[in-house]
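> Provided herewith is a single structure, encoded as structure tokens, for subsequent inquiry.
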Amino acid sequence: MQGMTIIVKTVVRIVTSFIVLYGIYIVLYGHLTPGGGFPGGVIVAAAYILIMLAYGKEVALRSFGDKSASLLDNLGAFGFLAIALLGLTGGYFFLNFINHGQPFRLVSAGTLPLSNIAIGVKVSACLYAVFIALAIFGRAVYRAMEEPGKEER
């Protein structure tokens, strides 16, 4: 049986959706409350890392693999850069070219929520990819340390 006990898996299955929902909330309301793309992305990445820890590497990589994480990482970076470059249409890099709404409303900050979303996608995918890489690399280093004589042959 792969992963942890059935109790841990059941709790993770229930809690993960709430963690992802809270991370999305932090990303979307980052221009009104403390938070934003980076902390929201870290929270979303923590949910996927929790899935990997509870269910095992193979199950987690089937649902959200390293190639998907790399693709989302690049799309987040490209989206953030595109928002910044679109500001050049008004004459300035990162110009807030979307009309401002009423203060303390969700759609009131122009391009800032779009930037938060792009950074949230990038951070969550990047942290998950780093965790995957460390899990795979850490296993390889651990095996090499267990059998030091095999490398010399």
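Going by the structure tokens order, chains are called A, B, ..., each with residues numbered from 1, while ligands are numbered from 1 in the order shown.
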With a distance cut-off of 10 Å and only C-alpha atoms, select the neighbouring residues of region 63-72 of chain A, excluding the residue or stretch itself and same-chain residues fewer than 3 positions from it, and output the selection as a list in words.

Tyr48, Ile51, Met52, Lys57, Glu58, Val59, Ala60, Leu75, Gly76, Ala77, Phe78, Ala118, Val121, Lys122, Val123, Ser124, Ala125, Cys126, Leu127, Tyr128, Ala129, Val130, Phe131, Ile132 and Ala133 of chain A

> What parts of chain A does DSSP call helix (DSSP H, G or I)? I'd like the answer as a PyMOL selection string.

chain A and resi 6-28+37-55+57-63+66-90+112-146+148-152

> So what do you get for CA of Ile24 (chain A) versus CA of Asp73 (chain A), distance-wise?

16.2 Å

> Near region 89-101 of chain A, counting only C-alpha atoms, which residues have an atom at most 10 Å away, once you skip same-chain residues fewer than 5 positions from it, shown as a list in words?

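Residues meeting the cut-off are Phe80, Leu81, Ala82, Ile83, Ala84, Leu106, Val107, Ser108, Ala109, Gly110, Thr111, Leu112 and Ser115 of chain A.
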
> Using N, CA and C atoms, can you export the residues from the last selection as a compact mmCIF listing (two decimals), in the first residue's frame?


# COMPACT_ATOMS: atom_id res chain seq x y z
N PHE A 80 2.57 37.37 -16.05
CA PHE A 80 3.04 38.53 -15.29
C PHE A 80 3.80 39.50 -16.19
N LEU A 81 4.66 38.95 -17.05
CA LEU A 81 5.41 39.79 -17.98
C LEU A 81 4.49 40.44 -19.00
N ALA A 82 3.48 39.71 -19.46
CA ALA A 82 2.54 40.28 -20.43
C ALA A 82 1.77 41.44 -19.83
N ILE A 83 1.36 41.32 -18.56
CA ILE A 83 0.65 42.42 -17.89
C ILE A 83 1.56 43.64 -17.79
N ALA A 84 2.82 43.39 -17.45
CA ALA A 84 3.77 44.50 -17.35
C ALA A 84 4.01 45.16 -18.70
N LEU A 106 -13.98 44.06 -5.17
CA LEU A 106 -13.06 43.06 -5.74
C LEU A 106 -12.44 43.58 -7.03
N VAL A 107 -13.23 44.18 -7.90
CA VAL A 107 -12.70 44.70 -9.17
C VAL A 107 -12.49 46.20 -9.00
N SER A 108 -11.45 46.55 -8.23
CA SER A 108 -11.20 47.96 -7.96
C SER A 108 -9.74 48.34 -8.10
N ALA A 109 -8.90 47.42 -8.48
CA ALA A 109 -7.47 47.70 -8.45
C ALA A 109 -6.81 47.64 -9.82
N GLY A 110 -7.58 47.60 -10.88
CA GLY A 110 -6.98 47.58 -12.21
C GLY A 110 -6.27 46.28 -12.50
N THR A 111 -4.98 46.36 -12.78
CA THR A 111 -4.20 45.18 -13.16
C THR A 111 -3.64 44.42 -11.96
N LEU A 112 -3.76 44.95 -10.77
CA LEU A 112 -3.16 44.29 -9.61
C LEU A 112 -3.73 42.89 -9.35
N SER A 115 -2.11 40.56 -11.81
CA SER A 115 -0.72 40.28 -11.43
C SER A 115 -0.68 39.28 -10.27
